[in-house]
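A.B. asks: Just entry-v7.cif, nothing more (mmCIF, C-alpha atoms):
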```cif
data_input
loop_
_atom_site.label_atom_id
_atom_site.label_comp_id
_atom_site.auth_asym_id
_atom_site.auth_seq_id
_atom_site.Cartn_x
_atom_site.Cartn_y
_atom_site.Cartn_z
CA MET A 1 57.29 118.10 55.64
CA ARG A 2 60.48 118.43 57.66
CA LYS A 3 58.95 121.18 59.74
CA ARG A 4 55.91 119.05 60.39
CA THR A 5 58.00 116.10 61.38
CA LEU A 6 59.98 118.23 63.78
CA TRP A 7 56.83 119.58 65.34
CA GLY A 8 55.55 116.05 65.47
CA ILE A 9 58.49 114.80 67.40
CA THR A 10 58.35 117.73 69.80
CA ALA A 11 54.65 117.27 70.27
CA GLY A 12 55.09 113.59 70.77
CA LEU A 13 57.53 114.27 73.52
CA PHE A 14 55.01 116.51 75.20
CA THR A 15 52.28 113.97 74.94
CA ILE A 16 54.42 111.30 76.46
CA ALA A 17 55.12 113.50 79.43
CA VAL A 18 51.48 114.01 80.13
CA PRO A 19 50.55 110.37 80.48
CA VAL A 20 53.48 109.87 82.80
CA VAL A 21 52.08 112.44 85.15
CA HIS A 22 48.76 110.72 85.16
CA ALA A 23 50.33 107.39 85.75
CA GLU A 24 52.40 108.96 88.47
CA GLY A 25 55.64 107.18 88.28
CA HIS A 26 54.95 103.65 87.28
CA GLY A 27 52.52 103.68 84.44
CA PRO A 28 52.18 103.33 80.71
CA ILE A 29 52.20 106.14 78.19
CA PHE A 30 49.17 105.24 76.07
CA GLY A 31 47.03 102.95 78.20
CA LEU A 32 44.97 103.57 81.30
CA ALA A 33 46.68 103.28 84.69
CA THR A 34 46.04 103.95 88.35
CA PRO A 35 47.73 107.15 89.50
CA THR A 36 49.40 107.49 92.88
CA LEU A 37 50.18 111.11 93.67
CA GLY A 38 50.58 111.63 97.40
CA GLU A 39 48.41 114.11 99.28
CA GLY A 40 49.63 117.63 98.49
CA GLN A 41 52.01 116.41 95.79
CA TRP A 42 52.21 118.11 92.38
CA SER A 43 53.31 116.73 89.08
CA SER A 44 54.03 118.29 85.72
CA ASP A 45 54.07 116.34 82.47
CA THR A 46 55.16 117.83 79.22
CA ALA A 47 54.35 115.68 76.24
CA VAL A 48 54.83 115.58 72.53
CA MET A 49 52.91 113.19 70.34
CA SER A 50 53.28 112.36 66.73
CA LEU A 51 50.77 110.54 64.56
CA ALA A 52 51.77 109.35 61.12
CA THR A 53 49.58 108.18 58.28
CA GLU A 54 50.38 107.01 54.80
CA GLU A 55 50.22 110.65 53.66
CA ASP A 56 51.51 112.86 56.41
CA THR A 57 52.65 113.27 60.00
CA ALA A 58 50.95 115.38 62.65
CA VAL A 59 52.41 116.58 65.92
CA MET A 60 51.02 117.96 69.14
CA PHE A 61 52.40 119.32 72.40
CA ARG A 62 50.54 119.18 75.67
CA GLU A 63 51.08 119.98 79.32
CA MET A 64 49.43 118.20 82.19
CA LEU A 65 49.39 119.30 85.81
CA GLY A 66 48.40 116.91 88.57
CA TYR A 67 47.65 117.52 92.24
CA GLY A 68 46.98 114.97 94.96
CA LEU A 69 43.92 116.13 96.89
CA THR A 70 44.14 112.97 98.99
CA PRO A 71 46.19 109.80 98.48
CA ASP A 72 43.27 108.43 96.46
CA LEU A 73 41.87 111.51 94.74
CA GLN A 74 43.71 113.53 92.13
CA PHE A 75 42.91 116.60 90.13
CA THR A 76 44.41 116.94 86.67
CA LEU A 77 44.42 119.68 84.09
CA THR A 78 45.74 119.12 80.59
CA PHE A 79 45.97 121.69 77.85
CA PRO A 80 47.67 122.12 74.50
CA ILE A 81 50.86 124.11 74.30
CA GLY A 82 52.56 125.34 71.21
CA PRO A 83 51.25 124.88 67.69
CA THR A 84 49.07 121.95 66.82
CA ASP A 85 49.30 120.27 63.50
CA ASP A 86 46.00 118.45 63.40
CA LEU A 87 45.44 117.94 59.73
CA MET A 88 45.84 114.21 59.79
CA MET A 89 44.65 113.48 63.29
CA PRO A 90 41.23 111.94 63.68
CA PRO A 91 39.22 114.78 65.25
CA ASN A 92 37.83 112.64 68.04
CA MET A 93 40.92 110.78 69.13
CA ARG A 94 42.67 111.10 72.47
CA THR A 95 46.40 111.51 72.74
CA GLY A 96 46.62 108.74 75.26
CA SER A 97 43.90 107.13 77.27
CA MET A 98 44.41 109.56 80.10
CA MET A 99 44.74 112.70 78.06
CA ALA A 100 42.44 114.65 75.76
CA GLY A 101 43.01 115.06 72.08
CA PHE A 102 44.43 118.05 70.30
CA GLY A 103 42.74 121.38 70.86
CA ASP A 104 40.90 120.35 74.02
CA VAL A 105 41.44 121.62 77.54
CA GLU A 106 40.59 118.82 79.95
CA ALA A 107 40.00 119.00 83.71
CA GLY A 108 39.61 115.70 85.50
CA LEU A 109 39.29 113.85 88.76
CA LEU A 110 40.80 110.44 89.34
CA TRP A 111 39.42 108.45 92.24
CA ARG A 112 41.29 105.37 93.35
CA PHE A 113 38.36 103.66 94.99
CA ASP A 114 40.10 100.41 95.80
CA ARG A 115 43.64 99.88 97.01
CA VAL A 116 45.13 96.78 98.58
CA ALA A 117 48.73 96.70 99.82
CA LEU A 118 49.60 93.08 99.20
CA ASP A 119 53.23 93.01 100.33
CA VAL A 120 56.47 94.94 100.12
CA GLY A 121 56.38 96.80 96.78
CA LYS A 122 53.12 95.13 95.72
CA ARG A 123 49.62 96.46 95.48
CA SER A 124 46.44 96.09 93.47
CA GLU A 125 44.16 99.03 92.83
CA SER A 126 41.27 100.33 90.78
CA THR A 127 40.50 103.85 89.67
CA LEU A 128 37.60 105.76 88.15
CA ILE A 129 38.45 108.66 85.89
CA THR A 130 36.11 111.45 84.91
CA SER A 131 36.82 114.67 83.12
CA VAL A 132 35.27 117.47 81.12
CA LEU A 133 36.60 118.68 77.80
CA VAL A 134 36.41 122.27 76.63
CA PRO A 135 37.45 123.02 73.06
CA SER A 136 40.13 125.59 72.45
CA GLY A 137 41.49 127.03 69.26
CA ASP A 138 39.53 126.53 66.05
CA ASP A 139 35.73 126.37 66.21
CA GLN A 140 35.67 123.55 63.72
CA ARG A 141 37.60 120.37 63.10
CA ARG A 142 37.29 118.97 59.61
CA GLY A 143 34.29 121.19 59.07
CA ILE A 144 32.48 120.00 62.18
CA GLU A 145 31.68 122.36 65.04
CA VAL A 146 33.67 121.35 68.09
CA THR A 147 31.63 121.10 71.28
CA ALA A 148 32.24 120.37 74.92
CA GLY A 149 32.48 116.79 76.01
CA MET A 150 33.19 114.43 78.82
CA HIS A 151 35.41 111.45 79.39
CA LEU A 152 34.69 108.50 81.65
CA ALA A 153 36.98 105.56 82.26
CA ALA A 154 37.70 102.77 84.71
CA VAL A 155 40.90 100.81 85.18
CA THR A 156 42.17 98.12 87.48
CA GLY A 157 45.72 96.89 87.86
CA TYR A 158 48.62 95.48 89.79
CA ALA A 159 52.03 96.97 90.52
CA SER A 160 55.15 95.41 91.98
CA ARG A 161 58.89 95.83 91.72
CA SER A 162 59.12 93.40 88.82
CA THR A 163 55.81 93.20 86.93
CA TYR A 164 52.82 95.42 86.29
CA TRP A 165 49.53 95.14 84.48
CA TRP A 166 46.44 97.24 83.93
CA VAL A 167 43.22 96.69 82.02
CA GLY A 168 40.55 99.30 81.52
CA GLY A 169 38.15 101.03 79.24
CA GLY A 170 36.53 104.36 78.70
CA THR A 171 34.42 106.59 76.55
CA GLN A 172 34.60 110.14 75.31
CA LEU A 173 31.25 111.73 74.58
CA ARG A 174 30.52 115.01 72.81
CA LYS A 175 27.57 117.32 73.05
CA GLU A 176 25.66 117.92 69.82
CA GLU A 177 25.15 121.56 68.80
CA ASN A 178 23.48 122.86 65.64
CA GLY A 179 23.42 119.33 64.31
CA ASP A 180 27.19 118.97 64.64
CA ARG A 181 28.96 116.46 66.83
CA LEU A 182 32.27 114.66 66.74
CA GLY A 183 31.66 110.96 66.99
CA ASN A 184 31.77 109.37 70.40
CA LEU A 185 34.83 107.34 71.16
CA TYR A 186 34.88 104.04 73.06
CA TYR A 187 38.13 102.29 73.89
CA LEU A 188 39.74 99.42 75.77
CA THR A 189 43.34 99.33 76.92
CA GLY A 190 45.66 96.67 78.26
CA VAL A 191 49.21 97.07 79.56
CA PHE A 192 51.83 94.63 80.74
CA GLY A 193 55.02 95.95 82.31
CA TRP A 194 58.28 94.37 83.34
CA ARG A 195 61.34 95.64 85.13
CA PRO A 196 64.37 93.59 84.13
CA PRO A 197 66.63 92.48 87.01
CA VAL A 198 69.42 94.76 85.81
CA PHE A 199 67.10 97.73 86.43
CA ARG A 200 66.07 96.71 89.93
CA GLY A 201 68.56 98.87 91.82
CA ASP A 202 67.16 100.43 94.97
CA TYR A 203 66.09 104.06 95.42
CA PRO A 204 67.58 106.56 94.64
CA LYS A 205 69.18 104.69 91.74
CA PRO A 206 67.49 105.17 88.34
CA ASP A 207 64.42 103.03 87.87
CA TRP A 208 63.62 101.67 84.39
CA ARG A 209 60.67 99.62 83.22
CA ILE A 210 59.37 98.34 79.90
CA PHE A 211 55.74 98.11 78.83
CA LEU A 212 53.78 96.42 76.11
CA GLU A 213 50.66 98.49 75.49
CA GLY A 214 47.55 97.79 73.48
CA ILE A 215 44.56 99.96 72.64
CA ALA A 216 41.33 99.13 70.82
CA GLU A 217 39.38 102.19 69.65
CA PHE A 218 35.82 102.28 68.39
CA ALA A 219 34.90 105.70 67.01
CA ALA A 220 31.34 106.53 65.98
CA ARG A 221 30.64 108.56 62.85
CA ASP A 222 30.68 112.35 63.10
CA ARG A 223 27.52 114.39 62.45
CA ASN A 224 27.32 117.57 60.40
CA ASN A 225 24.11 119.66 60.16
CA GLY A 226 22.20 116.70 61.55
CA ALA A 227 23.54 114.25 58.97
CA THR A 228 25.87 111.37 59.65
CA ILE A 229 29.17 111.61 57.80
CA GLY A 230 30.00 108.35 56.13
CA ASN A 231 33.67 109.17 55.80
CA SER A 232 34.35 109.21 59.54
CA GLY A 233 34.69 106.87 62.47
CA GLY A 234 35.91 103.33 62.49
CA GLN A 235 37.88 100.85 64.50
CA ARG A 236 41.56 100.50 65.27
CA VAL A 237 43.62 98.10 67.33
CA LEU A 238 47.12 99.31 68.15
CA LEU A 239 49.97 97.59 69.93
CA GLY A 240 53.48 98.67 70.80
CA PRO A 241 56.28 99.06 73.33
CA SER A 242 57.11 101.90 75.69
CA MET A 243 59.83 102.52 78.21
CA LEU A 244 59.80 104.56 81.40
CA GLY A 245 62.84 105.86 83.25
CA LEU A 246 62.62 107.43 86.70
CA PHE A 247 65.42 109.47 88.23
CA GLY A 248 64.51 110.88 91.63
CA THR A 249 61.95 113.58 90.93
CA TRP A 250 62.23 113.28 87.16
CA GLY A 251 60.77 110.83 84.73
CA ILE A 252 61.03 110.30 81.01
CA GLU A 253 58.92 107.94 78.94
CA GLY A 254 58.70 107.15 75.29
CA GLY A 255 56.72 104.71 73.24
CA VAL A 256 55.19 103.89 69.91
CA LEU A 257 51.98 102.14 68.87
CA PHE A 258 51.51 100.36 65.56
CA PRO A 259 48.11 99.43 64.14
CA ILE A 260 47.58 95.70 63.93
CA ALA A 261 44.02 96.08 62.65
CA GLN A 262 42.15 99.02 61.12
CA SER A 263 38.64 99.20 59.80
CA LEU A 264 37.90 102.81 59.00
CA ASN A 265 34.63 103.98 57.48
CA GLY A 266 34.72 105.47 53.99
CA ASN A 267 38.05 106.28 52.39
CA GLN A 268 39.92 107.60 55.41
CA VAL A 269 43.68 107.34 55.38
CA GLU A 270 45.01 104.56 57.56
CA GLU A 271 47.36 105.19 60.43
CA ASP A 272 51.02 104.12 60.36
CA TYR A 273 52.07 104.72 63.96
CA ARG A 274 51.66 106.91 67.04
CA ALA A 275 54.74 108.02 68.96
CA LYS A 276 54.90 109.82 72.27
CA LEU A 277 57.52 111.26 74.56
CA VAL A 278 56.83 112.67 78.00
CA VAL A 279 59.01 114.41 80.52
CA THR A 280 57.70 114.47 84.08
CA TYR A 281 58.64 116.35 87.20
CA TRP A 282 57.24 115.74 90.68
CA PHE A 283 57.30 118.45 93.31
CA MET B 1 72.38 141.89 137.01
CA ARG B 2 73.72 138.56 138.24
CA LEU B 3 70.25 137.51 139.19
CA VAL B 4 68.97 138.26 135.69
CA THR B 5 71.80 136.27 134.18
CA VAL B 6 71.11 133.28 136.43
CA ILE B 7 67.39 133.39 135.67
CA SER B 8 68.11 133.60 131.95
CA LEU B 9 70.41 130.62 132.14
CA LEU B 10 67.85 128.60 134.06
CA ALA B 11 65.15 129.58 131.62
CA SER B 12 67.28 128.47 128.72
CA LEU B 13 67.78 125.10 130.37
CA LEU B 14 64.08 124.52 131.02
CA PRO B 15 63.13 123.10 127.63
CA ILE B 16 66.01 120.65 127.85
CA THR B 17 65.33 119.42 131.35
CA ALA B 18 61.62 119.12 130.57
CA LEU B 19 62.27 116.65 127.78
CA ALA B 20 61.81 113.00 128.63
CA GLY B 21 63.33 111.64 125.44
CA GLY B 22 61.53 110.42 122.37
CA LEU B 23 62.08 108.44 119.21
CA GLU B 24 65.73 107.98 118.33
CA HIS B 25 65.46 105.56 115.45
CA VAL B 26 62.59 104.04 113.47
CA LYS B 27 62.65 101.42 110.75
CA GLN B 28 59.11 101.48 109.39
CA THR B 29 58.01 98.67 107.08
CA ILE B 30 55.93 99.89 104.12
CA TYR B 31 53.65 97.84 101.89
CA GLY B 32 52.61 98.83 98.37
CA MET B 33 55.40 101.29 97.53
CA ASP B 34 56.85 100.43 94.12
CA CYS B 35 58.30 103.45 92.36
CA ALA B 36 61.02 106.08 92.73
CA PRO B 37 58.60 109.05 92.90
CA CYS B 38 56.71 107.13 95.59
CA ALA B 39 59.91 106.84 97.62
CA TYR B 40 60.69 110.48 96.97
CA GLY B 41 57.30 111.57 98.35
CA VAL B 42 57.77 109.50 101.51
CA GLU B 43 61.33 110.74 101.98
CA LYS B 44 60.33 114.37 101.51
CA GLY B 45 57.44 114.06 103.97
CA LEU B 46 59.53 112.38 106.66
CA LYS B 47 62.32 114.93 106.36
CA GLY B 48 59.77 117.61 107.18
CA LEU B 49 59.05 116.18 110.64
CA SER B 50 60.54 117.78 113.73
CA GLY B 51 63.97 116.46 114.69
CA VAL B 52 64.42 114.15 111.72
CA GLU B 53 68.13 114.08 110.86
CA GLN B 54 68.35 111.38 108.21
CA VAL B 55 65.91 109.35 106.13
CA THR B 56 66.68 106.28 104.04
CA VAL B 57 63.97 104.73 101.89
CA SER B 58 64.27 101.28 100.33
CA LEU B 59 61.90 100.27 97.56
CA ASN B 60 63.27 96.75 97.23
CA ASP B 61 63.02 95.96 100.95
CA GLY B 62 60.01 98.19 101.62
CA TYR B 63 60.97 100.38 104.52
CA ALA B 64 61.76 103.92 105.62
CA GLU B 65 64.55 104.29 108.14
CA VAL B 66 64.46 107.48 110.20
CA HIS B 67 67.17 108.82 112.50
CA LEU B 68 66.05 111.53 114.91
CA SER B 69 67.87 114.07 117.03
CA ASP B 70 67.56 114.25 120.82
CA ASP B 71 65.34 117.31 120.67
CA GLY B 72 62.99 115.94 118.04
CA GLN B 73 59.25 115.93 118.64
CA ALA B 74 58.22 113.56 115.85
CA THR B 75 56.03 110.63 116.84
CA LEU B 76 55.54 107.20 115.35
CA ALA B 77 51.96 108.17 114.57
CA GLU B 78 53.19 111.13 112.51
CA ILE B 79 55.65 108.96 110.62
CA ARG B 80 52.90 106.50 109.77
CA GLU B 81 50.54 109.30 108.73
CA ILE B 82 53.12 110.59 106.24
CA ILE B 83 53.25 107.13 104.68
CA ARG B 84 49.45 106.90 104.50
CA LYS B 85 49.22 110.34 102.91
CA ASN B 86 51.51 109.11 100.17
CA GLY B 87 49.11 106.27 99.46
CA PHE B 88 50.95 103.40 101.10
CA THR B 89 50.41 101.13 104.08
CA PRO B 90 52.63 101.24 107.18
CA LYS B 91 53.12 97.85 108.78
CA ASP B 92 55.29 96.83 111.77
CA ALA B 93 58.02 99.23 112.89
CA ASP B 94 61.28 98.59 114.73
CA VAL B 95 61.92 101.49 117.08
CA ARG B 96 64.45 102.75 119.56
CA VAL B 97 62.89 105.13 122.07
CA SER B 98 64.16 106.94 125.13
CA GLY B 99 61.73 107.83 127.90
CA LYS B 100 60.67 107.29 131.48
CA VAL B 101 59.20 104.01 132.62
CA VAL B 102 56.11 104.29 134.80
CA GLN B 103 53.63 101.69 135.94
CA SER B 104 49.89 102.19 135.51
CA ASN B 105 47.34 101.28 138.19
CA ASP B 106 46.76 97.89 136.59
CA GLY B 107 50.47 97.09 136.61
CA GLN B 108 51.09 97.83 132.94
CA PHE B 109 54.57 99.22 132.22
CA LEU B 110 54.46 102.40 130.15
CA LEU B 111 57.27 104.25 128.43
CA LYS B 112 56.51 107.95 128.43
CA THR B 113 58.15 110.55 126.23
CA ASP B 114 57.16 114.18 125.97
CA VAL B 115 54.94 113.51 123.01
CA GLU B 116 53.69 109.92 123.19
CA THR B 117 53.31 106.90 125.44
CA PHE B 118 54.06 103.28 124.59
CA GLU B 119 52.52 100.28 126.34
CA LEU B 120 55.37 97.88 126.96
CA ASN B 121 55.00 94.17 126.28
CA VAL B 122 57.71 92.24 128.09
CA ASN B 123 58.25 88.49 128.11
CA ASP B 124 61.86 88.41 129.24
CA GLN B 125 62.24 88.35 133.05
CA THR B 126 65.61 90.10 132.93
CA ILE B 127 64.13 92.99 130.97
CA LEU B 128 61.14 93.05 133.31
CA SER B 129 63.32 93.39 136.39
CA HIS B 130 65.36 96.04 134.62
CA LEU B 131 62.23 98.05 133.93
CA ALA B 132 60.92 97.65 137.46
CA ALA B 133 64.21 98.99 138.84
CA ALA B 134 64.45 101.88 136.40
CA ASP B 135 64.05 105.20 138.13
CA SER B 136 65.29 107.47 135.34
CA SER B 137 65.24 107.57 131.57
CA VAL B 138 65.87 104.35 129.73
CA ILE B 139 66.37 103.53 126.07
CA VAL B 140 64.14 100.77 124.79
CA SER B 141 64.34 98.85 121.52
CA GLY B 142 61.51 96.77 120.13
CA SER B 143 58.76 96.53 117.57
CA VAL B 144 55.39 98.24 117.26
CA PRO B 145 52.78 96.33 115.26
CA THR B 146 50.57 97.69 112.50
CA GLY B 147 47.77 100.01 113.48
CA ASP B 148 47.22 103.10 115.56
CA GLY B 149 48.13 101.47 118.87
CA HIS B 150 51.39 101.99 120.72
CA GLN B 151 52.10 98.51 122.01
CA LEU B 152 55.86 98.12 122.06
CA SER B 153 57.27 94.60 122.31
CA ILE B 154 60.66 95.06 123.90
CA THR B 155 63.73 93.25 122.68
CA ALA B 156 66.36 95.23 124.58
CA VAL B 157 66.74 97.88 127.28
CA ASP B 158 69.77 100.15 127.77
#
```
What would you get if you wrote out this structure as structure tokens?

C.D. replies:
Amino acid sequence: MRKRTLWGITAGLFTIAVPVVHAEGHGPIFGLATPTLGEGQWSSDTAVMSLATEEDTAVMFREMLGYGLTPDLQFTLTFPIGPTDDLMMPPNMRTGSMMAGFGDVEAGLLWRFDRVALDVGKRSESTLITSVLVPSGDDQRRGIEVTAGMHLAAVTGYASRSTYWWVGGGTQLRKEENGDRLGNLYYLTGVFGWRPPVFRGDYPKPDWRIFLEGIAEFAARDRNNGATIGNSGGQRVLLGPSMLGLFGTWGIEGGVLFPIAQSLNGNQVEEDYRAKLVVTYWF
Amino acid sequence: MRLVTVISLLASLLPITALAGGLEHVKQTIYGMDCAPCAYGVEKGLKGLSGVEQVTVSLNDGYAEVHLSDDGQATLAEIREIIRKNGFTPKDADVRVSGKVVQSNDGQFLLKTDVETFELNVNDQTILSHLAAADSSVIVSGSVPTGDGHQLSITAVD
């Protein structure tokens, strides 16, 4: 149990790092955001995520690399690193809206199709996110053959030096093979961010901001040998705080989500919390 | 041998005498830049331009301040392109430029450097007479509005 917890914390840290990269410097750790890598700029996010249920705790580590093809088009690649303890993780979950779940390698494009510079330090923007998921590791998750999939999402938001918000939604779809398919996932996210006056020092002073993040997940039932599995899928609404610190080319972000509503099909174990920690480097 | 030395010396002076000044200082207003990594990207890009000696980026006040050396070849257009490539919007810029004043056929005063030309907008009669009398390099301070144009509204001439 201790070993699992340790792995969980480490993995959570990794997972946190990955969302930071996607959010590129100002975003949340669980919810969707609009990334802002400059043209030719790279980012590296190393994340660890922990998911706890009433019975156990699971942990996962991931790495995410980002590259700015243009100011409004980014390529991202996320992949698992280190051991993955997936026993208690829902097999179709994502480890953050902008990052695939355990065991999947994900390559994506993020297109910021609308950007309006409103004033000094203020802008509104909207982004479309698309990616493909390729399973790695075990062929099966909870006895279900793991297949390739895709992720589509859209998000719009506002950023300034004092407040931030984003709202968005997405879906993760899996291909069915030999009658097996992990249930599709549909989700909505909302984020509100605030930078307290004490943290509003100018660059290159450290930059801190606080977020309140919410996610609503709607997971369809899995299929096995052509039959729908009753003990799978369900709905969750999670809410929690996160905090992002930026120091020059480094960033660190941590957060936790707590379920405020769960309606899981069958007798699945309910979730207690999700925690993430991400370390980011821009170069 | 002496002749070779003299020619070498003259040749080494050529690039210097050919220069007709350029940007000395730019304070470029930036819209939409909100985070430390954003500022880092802009700072890194600007430092890579020719002749840039010092860059200061302010997130709270939304600007990049660039100090350039005498032999720099960086242009205002290049500075603004760096900001665009980082995903932000360059607005008005306060500049200090050295160059030669010439008058076009339609009477428009132009400030020419080796790498770019500014159209000078002058409302002050004293500055206007100063420009008309200038027969060598001058240093001009003023503002250049948003966009790709090079219309420089002069506030001072040295």

A.B. asks: May I ask for the distance between atom CA of Asp148 of chain B and atom CA of Ala77 of chain B, given in Å to one decimal place?

C.D. replies: 7.0 Å

A.B. asks: Report the distance between atom CA of Ala133 of chain B and atom CA of Gln103 of chain B in Å, rounded to one decimal place.

C.D. replies: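 Going from atom CA of Ala133 of chain B over to atom CA of Gln103 of chain B, I get 11.3 Å.
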
A.B. asks: For Asn60 of chain B, which residue among A:Arg223, A:Arg141, A:Lys122, A:Arg209 is the nearest when counting all atoms listed in the file?

C.D. replies: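 When distances to Asn60 of chain B are compared using all atoms listed in the file, the smallest one comes from A:Lys122.
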
A.B. asks: Taking all atoms listed in the file into account, name the residue in A:Val191, A:Leu246, A:Val134, A:Ala52 that is nearest to chain B.

C.D. replies: A:Leu246

A.B. asks: With a distance threshold of 6 Å and counting all atoms listed in the file, extract the residues of chain B near chain A and express them as a VMD selection string.

C.D. replies: chain B and resid 31 to 34 37 58 to 60 62 85 to 87

A.B. asks: So, counting only C-alpha atoms, which residue among A:Val237, A:Ala148, A:Ile252, A:Ala33 is closest to Val278 of chain A?

C.D. replies: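 Selected residue with least distance to Val278 of chain A: A:Ile252.
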
A.B. asks: What's the separation between atom CA of Phe75 of chain A and atom CA of Phe113 of chain A, in Å to one decimal place?

C.D. replies: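 If I compute the distance from atom CA of Phe75 of chain A to atom CA of Phe113 of chain A, I get 14.6 Å.
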
A.B. asks: Of the candidates B:Val97, B:Leu46, B:Ile83, B:Lys27, which shows the shortest atom-to-atom distance to Ala64 of chain B, using all atoms listed in the file?

C.D. replies: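 With all atoms listed in the file as the atom set, the closest residue is B:Lys27.
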
A.B. asks: Which residue, A:Pro196, A:Gly179, A:Gly234, A:Pro241, has the smallest gap to Asn265 of chain A when you use all atoms listed in the file?

C.D. replies: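 Between A:Pro196, A:Gly179, A:Gly234, A:Pro241, the residue approaching Asn265 of chain A most closely is A:Gly234.
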
A.B. asks: Taking the file as shown, find all residues satisfying the PyMOL selection byres ((chain B and resi 22) around 9) and write them as a VMD selection string.

C.D. replies: chain B and resid 19 to 21 23 to 24 68 70 to 75 96 to 99 112 to 116

A.B. asks: Looking at all atoms listed in the file, which of A:Glu253, A:Asp45, A:Asp272, A:Asp222 is the one that sits closest to Leu238 of chain A?

C.D. replies: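 For Leu238 of chain A, the nearest of the candidates is A:Asp272.
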
A.B. asks: Could you tell me which residues the PyMOL selection byres ((chain A and resi 136) around 7) returns for this structure, as a CSV table (one decimal) with C-alpha atoms, in the coordinates of the input?

C.D. replies:
```csv
chain,number,residue,atom,x,y,z
A,103,GLY,CA,42.7,121.4,70.9
A,104,ASP,CA,40.9,120.4,74.0
A,105,VAL,CA,41.4,121.6,77.5
A,134,VAL,CA,36.4,122.3,76.6
A,135,PRO,CA,37.4,123.0,73.1
A,137,GLY,CA,41.5,127.0,69.3
A,138,ASP,CA,39.5,126.5,66.0
```

A.B. asks: Take the PyMOL selection byres ((chain A and resi 168-175) around 10), apply it to the structure above, and return the hits as JSON, numbers by chain.

C.D. replies: {"A": [31, 32, 33, 34, 92, 93, 94, 97, 98, 100, 126, 127, 128, 129, 130, 131, 132, 133, 146, 147, 148, 149, 150, 151, 152, 153, 154, 155, 156, 157, 166, 167, 176, 177, 179, 180, 181, 182, 183, 184, 185, 186, 187, 188, 189, 190, 191, 215, 216, 217, 218, 219]}
